[in-house]
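One file, protein_14.cif, is given below (mmCIF, C-alpha atoms and all ligand atoms).
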```
data_coords
#
loop_
_atom_site.label_atom_id
_atom_site.label_comp_id
_atom_site.auth_asym_id
_atom_site.auth_seq_id
_atom_site.Cartn_x
_atom_site.Cartn_y
_atom_site.Cartn_z
CA MET Z 1396 39.68 -16.89 -41.35
CA LEU Z 1397 41.14 -16.66 -37.91
CA ALA Z 1398 40.02 -18.28 -34.72
CA ALA Z 1399 40.11 -16.42 -31.44
CA PRO Z 1400 41.66 -18.26 -28.51
CA SER Z 1401 38.92 -20.18 -26.74
CA ARG Z 1402 38.52 -21.83 -23.38
CA ASP Z 1403 40.30 -25.06 -22.80
CA TRP Z 1404 38.97 -27.69 -25.11
CA SER Z 1405 41.72 -30.22 -24.56
CA VAL Z 1406 39.23 -32.74 -23.13
CA PHE Z 1407 37.35 -32.83 -26.39
CA LYS Z 1408 40.57 -33.29 -28.35
CA GLN Z 1409 41.77 -35.99 -25.96
CA ILE Z 1410 38.62 -38.00 -26.57
CA PHE Z 1411 39.39 -38.07 -30.29
CA VAL Z 1412 43.10 -38.77 -29.77
CA ASP Z 1413 42.22 -41.75 -27.57
CA HIS Z 1414 39.29 -43.21 -29.47
CA TRP Z 1415 38.97 -41.97 -33.06
CA GLU Z 1416 40.99 -44.83 -34.57
CA PRO Z 1417 39.02 -47.69 -33.00
CA PHE Z 1418 35.80 -45.81 -33.70
CA GLN Z 1419 36.63 -45.41 -37.38
CA HIS Z 1420 37.72 -49.03 -37.51
CA ALA Z 1421 34.35 -50.18 -36.17
CA HIS Z 1422 32.26 -47.97 -38.47
CA SER Z 1423 33.01 -48.35 -42.18
CA ARG Z 1424 30.83 -45.31 -42.98
CA TYR Z 1425 33.56 -43.12 -41.51
CA GLN Z 1426 36.55 -44.78 -43.19
CA THR Z 1427 36.97 -42.06 -45.79
CA PRO Z 1428 39.66 -39.42 -46.40
CA TYR Z 1429 36.96 -36.81 -45.80
CA TYR Z 1430 36.43 -37.86 -42.17
CA ALA Z 1431 40.12 -38.49 -41.61
CA GLY Z 1432 40.72 -34.90 -42.78
CA LEU Z 1433 38.02 -33.43 -40.54
CA VAL Z 1434 39.54 -35.08 -37.48
CA ALA Z 1435 43.16 -34.34 -38.39
CA LYS Z 1436 42.42 -30.66 -38.99
CA MET Z 1437 40.46 -30.42 -35.77
CA LEU Z 1438 43.30 -32.01 -33.78
CA ALA Z 1439 45.84 -29.62 -35.29
CA CYS Z 1440 43.65 -26.60 -34.65
CA GLY Z 1441 45.11 -24.12 -32.19
CA THR Z 1442 48.66 -25.31 -32.83
CA PRO Z 1443 50.17 -22.52 -34.95
CA GLU Z 1444 53.10 -24.55 -36.26
CA LYS Z 1445 50.71 -27.18 -37.64
CA ILE Z 1446 47.76 -25.14 -38.84
CA GLY Z 1447 49.46 -21.91 -39.92
CA TYR Z 1448 49.64 -18.50 -38.33
CA ILE Z 1449 49.96 -14.77 -38.69
CA GLU Z 1450 52.62 -13.22 -36.52
CA TYR Z 1451 52.28 -9.59 -35.47
CA ARG Z 1452 55.16 -7.55 -34.15
CA CYS Z 1453 55.64 -4.08 -32.80
CA LEU Z 1454 57.79 -2.20 -35.29
CA HIS Z 1455 58.15 0.75 -32.89
CA CYS Z 1456 59.82 -0.75 -29.83
CA GLY Z 1457 60.53 -4.19 -31.29
CA GLN Z 1458 59.25 -6.01 -28.18
CA GLY Z 1459 55.55 -6.69 -28.66
CA LYS Z 1460 54.59 -9.98 -30.37
CA HIS Z 1461 51.27 -11.66 -31.03
CA LEU Z 1462 50.64 -14.95 -32.81
CA VAL Z 1463 47.26 -15.68 -34.37
CA ALA Z 1464 46.63 -19.32 -35.32
CA MET Z 1465 44.52 -19.83 -38.44
CA SER Z 1466 41.21 -21.58 -38.05
CA CYS Z 1467 40.90 -25.19 -39.24
CA LYS Z 1468 37.42 -24.88 -40.82
CA SER Z 1469 36.60 -28.43 -39.71
CA SER Z 1470 32.90 -28.84 -38.95
CA LEU Z 1471 33.91 -31.01 -36.01
CA CYS Z 1472 35.97 -28.30 -34.39
CA LEU Z 1473 34.48 -26.71 -31.30
CA ARG Z 1474 37.30 -24.21 -31.08
CA CYS Z 1475 36.13 -22.68 -34.35
CA ALA Z 1476 32.42 -22.91 -33.54
CA LYS Z 1477 32.22 -19.25 -32.49
CA VAL Z 1478 33.72 -18.21 -35.82
CA HIS Z 1479 31.06 -20.24 -37.62
CA VAL Z 1480 28.28 -18.56 -35.64
CA ASP Z 1481 29.59 -15.08 -36.39
CA ASN Z 1482 29.99 -15.83 -40.09
CA TRP Z 1483 26.56 -17.41 -40.22
CA VAL Z 1484 24.97 -14.37 -38.64
CA SER Z 1485 26.61 -11.99 -41.06
CA GLN Z 1486 25.80 -14.21 -44.05
CA VAL Z 1487 22.13 -14.42 -43.12
CA SER Z 1488 21.90 -10.77 -42.07
CA GLN Z 1489 23.00 -9.73 -45.52
CA VAL Z 1490 20.03 -11.40 -47.17
CA LEU Z 1491 17.35 -10.32 -44.71
CA HIS Z 1492 15.50 -7.24 -45.85
CA ALA Z 1493 14.88 -4.42 -43.44
CA GLY Z 1494 11.19 -3.73 -42.88
CA VAL Z 1495 10.01 -7.13 -44.13
CA ILE Z 1496 8.25 -9.31 -41.60
CA TYR Z 1497 9.73 -12.78 -41.25
CA ARG Z 1498 8.59 -15.79 -39.32
CA HIS Z 1499 10.73 -18.52 -37.81
CA ILE Z 1500 9.11 -21.89 -38.47
CA ILE Z 1501 10.43 -25.28 -37.40
CA LEU Z 1502 9.53 -28.37 -39.44
CA THR Z 1503 10.28 -31.71 -37.83
CA VAL Z 1504 10.63 -35.35 -38.84
CA PRO Z 1505 8.93 -38.07 -36.78
CA ALA Z 1506 11.27 -40.43 -34.91
CA MET Z 1507 10.27 -43.40 -37.09
CA PHE Z 1508 12.12 -41.85 -40.08
CA ARG Z 1509 15.37 -40.89 -38.38
CA THR Z 1510 17.20 -44.05 -39.38
CA THR Z 1511 15.97 -43.65 -42.96
CA PHE Z 1512 17.37 -40.12 -43.00
CA TYR Z 1513 20.67 -41.12 -41.48
CA GLN Z 1514 21.23 -44.00 -43.90
CA ASN Z 1515 20.24 -42.02 -46.99
CA ALA Z 1516 21.60 -38.61 -46.01
CA ALA Z 1517 23.37 -38.06 -49.33
CA VAL Z 1518 20.13 -38.19 -51.34
CA VAL Z 1519 17.50 -37.21 -48.80
CA LEU Z 1520 18.88 -34.04 -47.20
CA ARG Z 1521 18.81 -31.88 -50.32
CA ALA Z 1522 15.26 -32.95 -51.21
CA PHE Z 1523 14.27 -32.43 -47.58
CA MET Z 1524 15.35 -28.78 -47.63
CA ARG Z 1525 13.62 -28.08 -50.92
CA CYS Z 1526 10.37 -29.67 -49.75
CA GLY Z 1527 10.37 -27.41 -46.67
CA ALA Z 1528 10.36 -24.30 -48.87
CA GLN Z 1529 7.80 -25.83 -51.22
CA CYS Z 1530 5.53 -26.69 -48.30
CA LEU Z 1531 5.42 -23.08 -47.10
CA ASP Z 1532 4.60 -21.73 -50.54
CA ASP Z 1533 1.75 -24.23 -50.89
CA PHE Z 1534 0.56 -23.47 -47.39
CA TYR Z 1535 0.49 -19.71 -47.99
CA SER Z 1536 -1.23 -20.24 -51.34
CA GLU Z 1537 -3.92 -22.40 -49.81
CA VAL Z 1538 -4.51 -19.95 -46.97
CA ARG Z 1539 -4.92 -17.05 -49.41
CA GLY Z 1540 -6.80 -19.06 -52.05
CA LYS Z 1541 -4.41 -18.25 -54.89
CA ALA Z 1542 -0.86 -19.03 -55.91
CA LEU Z 1543 1.67 -17.10 -53.85
CA ARG Z 1544 5.43 -17.19 -53.98
CA GLY Z 1545 7.15 -16.19 -50.78
CA GLY Z 1546 10.77 -16.33 -49.84
CA SER Z 1547 12.55 -18.55 -47.39
CA ILE Z 1548 15.92 -19.18 -45.90
CA VAL Z 1549 16.07 -22.84 -44.96
CA VAL Z 1550 18.62 -24.14 -42.49
CA LEU Z 1551 19.20 -27.84 -41.95
CA GLN Z 1552 19.84 -28.97 -38.41
CA THR Z 1553 20.45 -32.63 -37.67
CA HIS Z 1554 20.84 -32.67 -33.92
CA GLY Z 1555 18.58 -32.20 -30.96
CA ARG Z 1556 19.62 -30.62 -27.68
CA ASN Z 1557 21.49 -33.62 -26.36
CA GLY Z 1558 23.35 -34.36 -29.59
CA GLN Z 1559 21.13 -37.19 -30.79
CA TYR Z 1560 20.26 -37.50 -34.47
CA HIS Z 1561 17.13 -35.47 -34.97
CA PRO Z 1562 16.90 -33.88 -38.42
CA HIS Z 1563 14.67 -30.82 -38.72
CA LEU Z 1564 14.44 -27.57 -40.63
CA HIS Z 1565 14.54 -24.02 -39.38
CA VAL Z 1566 12.83 -21.81 -41.91
CA ILE Z 1567 13.02 -18.04 -41.85
CA ALA Z 1568 10.12 -17.22 -44.12
CA THR Z 1569 8.56 -14.02 -45.37
CA SER Z 1570 5.09 -13.64 -43.87
CA GLY Z 1571 3.40 -13.75 -47.22
CA GLY Z 1572 4.09 -13.93 -50.92
CA ASP Z 1573 4.01 -12.39 -54.33
CA ASP Z 1574 0.86 -13.24 -56.29
CA GLY Z 1575 2.64 -13.75 -59.59
CA GLN Z 1576 1.48 -10.49 -61.17
CA GLN Z 1577 4.58 -8.93 -59.57
CA ALA Z 1578 2.38 -6.11 -58.47
CA ARG Z 1579 0.85 -7.35 -55.27
CA TRP Z 1580 2.41 -8.70 -52.15
CA GLU Z 1581 -0.02 -10.61 -49.99
CA HIS Z 1582 0.74 -10.38 -46.30
CA LEU Z 1583 -0.65 -13.16 -44.12
CA GLN Z 1584 -1.45 -12.04 -40.63
CA TYR Z 1585 -2.99 -15.26 -39.39
CA LEU Z 1586 -1.66 -18.77 -39.96
CA PRO Z 1587 -3.88 -21.81 -39.36
CA TYR Z 1588 -1.39 -24.15 -37.69
CA ALA Z 1589 -3.54 -27.26 -38.01
CA LEU Z 1590 -3.39 -26.89 -41.79
CA LEU Z 1591 0.37 -26.36 -41.72
CA ARG Z 1592 0.87 -29.59 -39.75
CA ARG Z 1593 -1.09 -31.65 -42.29
CA GLN Z 1594 0.55 -29.98 -45.26
CA TRP Z 1595 4.00 -30.56 -43.86
CA GLN Z 1596 3.17 -34.23 -43.35
CA TRP Z 1597 2.00 -34.54 -46.94
CA HIS Z 1598 5.08 -32.80 -48.36
CA LEU Z 1599 7.59 -34.70 -46.26
CA LEU Z 1600 6.09 -38.13 -46.84
CA THR Z 1601 5.57 -37.57 -50.56
CA MET Z 1602 9.19 -36.46 -50.86
CA LEU Z 1603 10.41 -39.58 -49.03
CA ARG Z 1604 8.28 -41.93 -51.11
CA GLN Z 1605 9.43 -40.37 -54.38
CA THR Z 1606 13.09 -40.05 -53.41
CA LEU Z 1607 13.63 -43.50 -51.97
CA GLN Z 1608 11.03 -45.70 -53.69
CA THR Z 1609 11.50 -48.81 -51.58
CA GLU Z 1610 8.83 -51.07 -50.14
CA ALA Z 1611 10.10 -50.42 -46.62
CA VAL Z 1612 9.76 -46.66 -47.03
CA LYS Z 1613 6.29 -46.99 -48.57
CA ARG Z 1614 5.19 -49.02 -45.54
CA LEU Z 1615 6.64 -46.45 -43.15
CA VAL Z 1616 4.87 -43.65 -45.01
CA ASP Z 1617 1.51 -45.45 -44.77
CA THR Z 1618 2.07 -46.10 -41.08
CA CYS Z 1619 2.92 -42.45 -40.50
CA PHE Z 1620 -0.28 -41.20 -42.16
CA THR Z 1621 -2.32 -43.56 -39.99
CA LYS Z 1622 -0.42 -42.86 -36.80
CA TYR Z 1623 -0.54 -39.05 -37.08
CA PRO Z 1624 -3.90 -38.06 -38.60
CA GLU Z 1625 -3.42 -34.50 -37.32
CA GLY Z 1626 -0.15 -34.05 -39.17
CA LEU Z 1627 3.42 -33.54 -37.98
CA VAL Z 1628 4.98 -31.21 -35.48
CA THR Z 1629 5.57 -27.77 -36.85
CA ASN Z 1630 6.39 -24.92 -34.60
CA VAL Z 1631 5.92 -21.29 -35.45
CA GLN Z 1632 8.02 -19.38 -32.97
CA LYS Z 1633 5.99 -16.82 -31.05
CA GLY Z 1634 6.49 -13.13 -31.67
CA GLN Z 1635 6.53 -13.43 -35.47
CA VAL Z 1636 7.51 -9.82 -35.90
CA PRO Z 1637 11.09 -9.76 -34.72
CA ALA Z 1638 10.81 -6.27 -33.28
CA GLN Z 1639 11.99 -7.32 -29.86
CA TYR Z 1640 15.08 -8.93 -31.26
CA GLN Z 1641 18.13 -6.88 -31.87
CA SER Z 1642 18.77 -9.16 -34.73
CA LEU Z 1643 16.66 -11.94 -36.16
CA ALA Z 1644 19.78 -13.61 -37.48
CA ARG Z 1645 21.49 -13.76 -34.11
CA TYR Z 1646 18.30 -14.95 -32.51
CA VAL Z 1647 17.97 -17.81 -34.98
CA ALA Z 1648 21.69 -18.57 -34.78
CA GLN Z 1649 21.31 -19.78 -31.22
CA TYR Z 1650 19.01 -22.52 -32.50
CA VAL Z 1651 20.74 -23.53 -35.66
CA VAL Z 1652 24.50 -23.17 -35.64
CA SER Z 1653 25.37 -24.43 -32.22
CA PRO Z 1654 27.57 -27.56 -32.29
CA PRO Z 1655 25.90 -30.85 -31.20
CA ILE Z 1656 27.74 -30.76 -27.90
CA ALA Z 1657 29.67 -27.65 -26.96
CA VAL Z 1658 32.93 -27.75 -25.04
CA ARG Z 1659 31.44 -25.98 -22.08
CA ARG Z 1660 28.83 -28.72 -21.72
CA ILE Z 1661 31.35 -31.53 -21.16
CA ASP Z 1662 31.63 -32.12 -17.43
CA ARG Z 1663 33.75 -35.25 -17.18
CA TYR Z 1664 35.77 -37.74 -19.20
CA ASP Z 1665 37.38 -40.73 -17.48
CA GLY Z 1666 38.83 -42.43 -20.55
CA HIS Z 1667 35.75 -44.55 -21.20
CA ARG Z 1668 32.70 -42.47 -20.48
CA VAL Z 1669 31.76 -38.86 -21.12
CA THR Z 1670 29.35 -36.83 -19.00
CA TYR Z 1671 27.77 -33.70 -20.43
CA HIS Z 1672 24.74 -31.54 -19.81
CA TYR Z 1673 22.19 -29.69 -21.90
CA ARG Z 1674 19.03 -27.71 -21.40
CA SER Z 1675 16.05 -29.83 -22.34
CA HIS Z 1676 13.14 -28.30 -24.27
CA ARG Z 1677 10.87 -31.02 -22.94
CA THR Z 1678 11.52 -30.62 -19.22
CA ALA Z 1679 12.89 -27.04 -19.38
CA ARG Z 1680 15.64 -28.18 -17.00
CA VAL Z 1681 19.33 -28.87 -17.27
CA GLU Z 1682 19.75 -32.59 -17.92
CA HIS Z 1683 22.95 -34.57 -17.39
CA GLU Z 1684 23.86 -37.54 -19.52
CA THR Z 1685 26.71 -40.05 -19.32
CA VAL Z 1686 27.49 -42.09 -22.41
CA GLU Z 1687 30.20 -44.49 -23.62
CA VAL Z 1688 32.93 -42.62 -25.45
CA GLU Z 1689 32.02 -44.40 -28.70
CA THR Z 1690 28.48 -43.05 -28.46
CA PHE Z 1691 29.86 -39.60 -27.79
CA ILE Z 1692 32.08 -39.63 -30.89
CA GLY Z 1693 29.18 -41.03 -32.88
CA ARG Z 1694 26.96 -38.15 -31.78
CA MET Z 1695 29.56 -35.63 -32.86
CA VAL Z 1696 30.39 -37.05 -36.29
CA GLN Z 1697 26.92 -38.13 -37.37
CA HIS Z 1698 26.01 -34.45 -37.77
CA THR Z 1699 28.68 -33.68 -40.32
CA VAL Z 1700 26.89 -33.24 -43.64
CA PRO Z 1701 28.14 -34.77 -46.92
CA LYS Z 1702 31.18 -33.01 -48.39
CA GLY Z 1703 30.31 -29.73 -50.06
CA PHE Z 1704 26.72 -29.83 -48.79
CA LYS Z 1705 25.17 -26.42 -48.10
CA ARG Z 1706 23.27 -26.28 -44.84
CA ILE Z 1707 21.67 -22.91 -45.63
CA ARG Z 1708 19.69 -22.46 -48.83
CA TYR Z 1709 17.63 -19.62 -50.22
CA TYR Z 1710 14.36 -20.12 -52.04
CA GLY Z 1711 11.72 -18.03 -53.80
CA VAL Z 1712 12.01 -14.26 -53.66
CA GLN Z 1713 14.69 -14.72 -51.04
CA ALA Z 1714 16.84 -16.66 -53.48
CA THR Z 1715 17.59 -14.34 -56.34
CA LYS Z 1716 17.65 -10.81 -57.54
CA THR Z 1717 13.87 -11.05 -57.92
CA PHE Z 1718 13.72 -9.54 -54.48
CA ALA Z 1719 14.71 -6.17 -55.90
CA LYS Z 1720 11.78 -6.41 -58.33
CA VAL Z 1721 9.14 -7.28 -55.75
CA LYS Z 1722 10.58 -5.03 -53.05
CA VAL Z 1723 8.38 -2.04 -53.89
CA ALA Z 1724 5.25 -4.21 -53.84
CA ILE Z 1725 6.30 -5.73 -50.54
CA GLN Z 1726 6.91 -2.40 -48.88
CA ALA Z 1727 3.66 -0.95 -50.20
CA ALA Z 1728 1.69 -3.91 -48.85
CA LEU Z 1729 3.44 -3.87 -45.50
CA ALA Z 1730 2.92 -0.13 -45.10
CA LYS Z 1731 -0.81 -0.89 -44.80
CA VAL Z 1732 -0.30 -3.57 -42.20
CA GLU Z 1733 -0.86 -2.51 -38.66
CA GLY Z 1734 2.03 -2.68 -36.26
CA VAL Z 1735 4.81 -3.02 -38.79
CA VAL Z 1736 8.09 -2.18 -37.23
CA LYS Z 1737 10.38 -0.44 -39.62
CA GLY Z 1738 13.88 -1.82 -39.69
CA ALA Z 1739 12.85 -4.85 -37.67
CA VAL Z 1740 15.90 -6.65 -38.92
CA LYS Z 1741 19.19 -5.14 -38.09
CA ILE Z 1742 22.06 -5.83 -40.42
CA ILE Z 1743 25.15 -6.94 -38.57
CA ALA Z 1744 28.65 -6.61 -39.88
CA ARG Z 1745 31.00 -9.56 -39.74
CA LEU Z 1746 32.91 -9.67 -36.46
CA THR Z 1747 36.64 -9.65 -36.97
CA TYR Z 1748 39.20 -11.66 -35.08
CA ARG Z 1749 40.18 -8.46 -33.29
CA GLN Z 1750 36.63 -7.80 -32.08
CA ARG Z 1751 36.11 -11.39 -30.97
CA TYR Z 1752 39.39 -11.36 -29.07
CA GLU Z 1753 38.54 -8.08 -27.43
CA GLN Z 1754 35.06 -9.32 -26.49
CA SER Z 1755 36.42 -12.42 -24.78
CA THR Z 1756 39.56 -10.99 -23.13
CA GLY Z 1757 38.86 -7.27 -22.90
CA ARG Z 1758 42.23 -6.58 -24.51
CA ASP Z 1759 43.13 -5.35 -27.99
CA PRO Z 1760 45.37 -8.13 -29.39
CA PHE Z 1761 47.16 -5.80 -31.80
CA ARG Z 1762 48.21 -3.14 -29.30
CA CYS Z 1763 51.81 -3.53 -28.16
CA PRO Z 1764 51.81 -4.30 -24.41
CA HIS Z 1765 55.15 -2.49 -24.02
CA CYS Z 1766 54.71 0.80 -25.85
CA GLN Z 1767 50.91 0.74 -26.54
CA ARG Z 1768 51.42 1.43 -30.26
CA GLU Z 1769 49.77 -0.65 -32.96
CA MET Z 1770 51.58 -3.82 -34.00
CA GLU Z 1771 51.85 -4.89 -37.61
CA VAL Z 1772 51.94 -8.10 -39.62
CA TRP Z 1773 55.43 -9.53 -39.45
CA ARG Z 1774 55.06 -12.94 -40.97
CA ILE Z 1775 52.36 -15.23 -42.40
CA TRP Z 1776 52.97 -18.95 -42.50
CA HIS Z 1777 50.76 -21.62 -44.05
CA PRO Z 1778 51.38 -25.39 -43.66
CA THR Z 1779 51.06 -26.01 -47.42
CA TYR Z 1780 52.40 -22.80 -48.91
CA GLY Z 1781 55.10 -22.01 -46.34
CA VAL Z 1782 56.01 -18.39 -45.65
CA ILE Z 1783 53.50 -16.23 -47.55
CA TYR Z 1784 54.67 -12.91 -46.20
CA ASP Z 1785 57.82 -11.85 -44.42
CA GLU Z 1786 58.23 -8.24 -43.31
CA GLY Z 1787 61.81 -8.91 -42.20
CA GLU Z 1788 62.74 -9.85 -45.77
CA VAL Z 1789 61.01 -6.78 -47.13
CA ILE Z 1790 62.99 -4.56 -44.78
CA LYS Z 1791 66.22 -6.38 -45.60
CA ARG Z 1792 65.65 -5.97 -49.32
CA GLY Z 1793 65.04 -2.27 -48.78
CA THR Z 1794 68.26 -1.99 -46.77
CA TYR Z 1795 70.34 -3.79 -49.41
CA ALA Z 1796 69.03 -1.51 -52.13
CA SER Z 1797 69.95 1.67 -50.29
CA SER Z 1798 73.37 0.43 -49.08
CA ALA Z 1799 74.18 -0.72 -52.62
CA GLN Z 1800 73.52 2.82 -53.78
CA ARG Z 1801 75.67 4.26 -51.06
CA ALA Z 1802 78.46 1.77 -51.86
CA GLY Z 1803 78.54 2.97 -55.44
CA PRO Z 1804 81.16 5.35 -56.78
ZN ZN Z 1901 39.31 -25.34 -35.53
ZN ZN Z 1902 55.96 -1.65 -28.80
#
```
Re-express the file's structure as structure tokens.
Amino acid sequence: MLAAPSRDWSVFKQIFVDHWEPFQHAHSRYQTPYYAGLVAKMLACGTPEKIGYIEYRCLHCGQGKHLVAMSCKSSLCLRCAKVHVDNWVSQVSQVLHAGVIYRHIILTVPAMFRTTFYQNAAVVLRAFMRCGAQCLDDFYSEVRGKALRGGSIVVLQTHGRNGQYHPHLHVIATSGGDDGQQARWEHLQYLPYALLRRQWQWHLLTMLRQTLQTEAVKRLVDTCFTKYPEGLVTNVQKGQVPAQYQSLARYVAQYVVSPPIAVRRIDRYDGHRVTYHYRSHRTARVEHETVEVETFIGRMVQHTVPKGFKRIRYYGVQATKTFAKVKVAIQAALAKVEGVVKGAVKIIARLTYRQRYEQSTGRDPFRCPHCQREMEVWRIWHPTYGVIYDEGEVIKRGTYASSAQRAGP
């Protein structure tokens, strides 16, 4: 995976160079090789001789050269964020089914549980994602009055707009479900939101009580039921049929795979404080915030999920090959629904390094600037494995073989 050159992000790196060590020292939670690795990789990112590279050369005129640094794959790295978005979009696009109507539903956690989530992330997050999918199935079933199994793609997001810890789920759900006979697909046109809010509250709180089983959590759960008799905030994004979107995946990507604080949102860093801005959902305005550097680093690293944790999961018909089985039923049911837009979801191919580079600079990175011919891979170097490929050696070997023949009697 290769990262395209991005705008200057040296400020972000500088913040970690200056303050990561004292930060880690002060917070034992982050004193692990995993976090040390995330930061080290991120700091080396963009430096070809540290992170590895692919060198292209023009084999026609011998003058053109282009070096592509490998991407670091660190979840902390803002330089690689664009690569993550593109990969996410293509990953999700591949599992969305053309012609099926999906809804984008957001399930939130009340502020009173944020600390509980943060402190128990390793056990709670997985159960949290599963209970989001379960909640929708139960909701659909109750609305229709019989057991339905829909499909959902659940994405975990732990930050709000300003980078604070704010766990919530983005669910891309089919707008109905299979009734178990595998013959009928029930499409739900209308969703009673009041019911969804109460059901989500029940699912979330039951999951927390069962997963954590402490007196403190039980008390919080009771308080939450009393405090929010109408249920919890759930948000069904308007325009359920994604006809107006070129791509549902790209539309959702803007909500879910953005880094907590992007490079372009950092306005100032004076060695002690960081100023950044973000667009607030609440006020619909651009808000500026200045925080101590320690708070800033905390906001960035608290969103890294446990090692190996999958932030996107697939449930129900969306999860397995069962989709192929119910597909005919789905399409037959949807054909009867008014206003169905065929091919509402457009499948997007994965953007390559070349396309990303061309999009951001307007220049083809692999065209020789001297003779305009296509350049070719000359050498690949990896920090662990050393030189993986060397065209010069290949040519040399070829030359030796032929000269040896000529030198013969
Ligand atoms: Zn990177
Ligand atoms: Zn050339």
Between CA of Val1484 in chain Z and CA of Ser1405 in chain Z, distance in Å (one decimal):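 Value for the CA of Val1484 in chain Z-CA of Ser1405 in chain Z distance: 27.0 Å.
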Could you pull out the residues sitting within 8 Å of ligand ZN 1901 (chain Z), using all atoms listed in the file, and write them as a list in words? Ala1398, Lys1436, Met1437, Leu1438, Ala1439, Cys1440, Gly1441, Ser1466, Cys1467, Lys1468, Ser1469, Leu1471, Cys1472, Leu1473, Arg1474, Cys1475 and Ala1476 of chain Z
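Computed from the coordinates, the CA of Ile1548 in chain Z to CA of Tyr1430 in chain Z distance equals 28.0 Å.
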For chain Z against ligand ZN 1902 (chain Z), with a cut-off of 10 Å and counting all atoms listed in the file, what is the closest atom pair and its distance in Å to one decimal for every residue that makes the cut, ordered by chain and number, as CSV?
```
residue,atom,partner,partner_atom,distance
Z:Arg1452,CA,Z:ZN1902,ZN,8.0
Z:Cys1453,CA,Z:ZN1902,ZN,4.7
Z:Leu1454,CA,Z:ZN1902,ZN,6.8
Z:His1455,CA,Z:ZN1902,ZN,5.2
Z:Cys1456,CA,Z:ZN1902,ZN,4.1
Z:Gly1457,CA,Z:ZN1902,ZN,5.8
Z:Gln1458,CA,Z:ZN1902,ZN,5.5
Z:Gly1459,CA,Z:ZN1902,ZN,5.1
Z:Lys1460,CA,Z:ZN1902,ZN,8.6
Z:Arg1762,CA,Z:ZN1902,ZN,7.9
Z:Cys1763,CA,Z:ZN1902,ZN,4.6
Z:Pro1764,CA,Z:ZN1902,ZN,6.6
Z:His1765,CA,Z:ZN1902,ZN,4.9
Z:Cys1766,CA,Z:ZN1902,ZN,4.0
Z:Gln1767,CA,Z:ZN1902,ZN,6.0
Z:Arg1768,CA,Z:ZN1902,ZN,5.7
Z:Glu1769,CA,Z:ZN1902,ZN,7.5
Z:Met1770,CA,Z:ZN1902,ZN,7.1
```
Residues within 8 Å of range 1557-1570 of chain Z, please, as a ChimeraX atom specification. Count only C-alpha atoms; anything in the same chain fewer than 3 positions from it doesn't count. /Z:1495-1504,1506,1509,1512-1513,1524,1527-1528,1545-1554,1582-1584,1651,1655-1656,1672-1673,1675,1694-1695,1697-1698
Name all residues at most 12 Å from Thr1601 in chain Z (count all atoms listed in the file; drop same-chain ones fewer than 4 positions away) and give them as a ChimeraX atom specification. /Z:1522-1523,1526-1527,1529-1530,1594-1597,1605-1608,1612-1613,1615-1617,1619-1620
Report as a ChimeraX atom specification all protein, DNA and RNA residues lying within 6 Å of Ile1725 in chain Z, evaluated on only C-alpha atoms, omitting residues in the same chain fewer than 3 positions from it. /Z:1580,1722,1728
Quote the spacing between CA of Asp1481 in chain Z and CA of Arg1645 in chain Z in Å to one decimal place. 8.5 Å
Tell me which protein, DNA and RNA residues are within 9 Å of Val1700 in chain Z, counting all atoms listed in the file, leaving out same-chain ones fewer than 5 positions away, and put them as a ChimeraX atom specification. /Z:1470,1516-1517,1520,1553,1705-1706
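Considering the residues Z:Lys1445, Z:Arg1604, Z:Pro1760, Z:Val1772 and counting only C-alpha atoms, Tyr1784 in chain Z has its shortest atom-to-atom contact with Z:Val1772.
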Near Ala1644 in chain Z, within 7 Å and counting only C-alpha atoms, which residues show up once chain neighbours fewer than 4 positions away are dropped, as an MDAnalysis selection string? chainID Z and resid 1484 1487:1488 1648
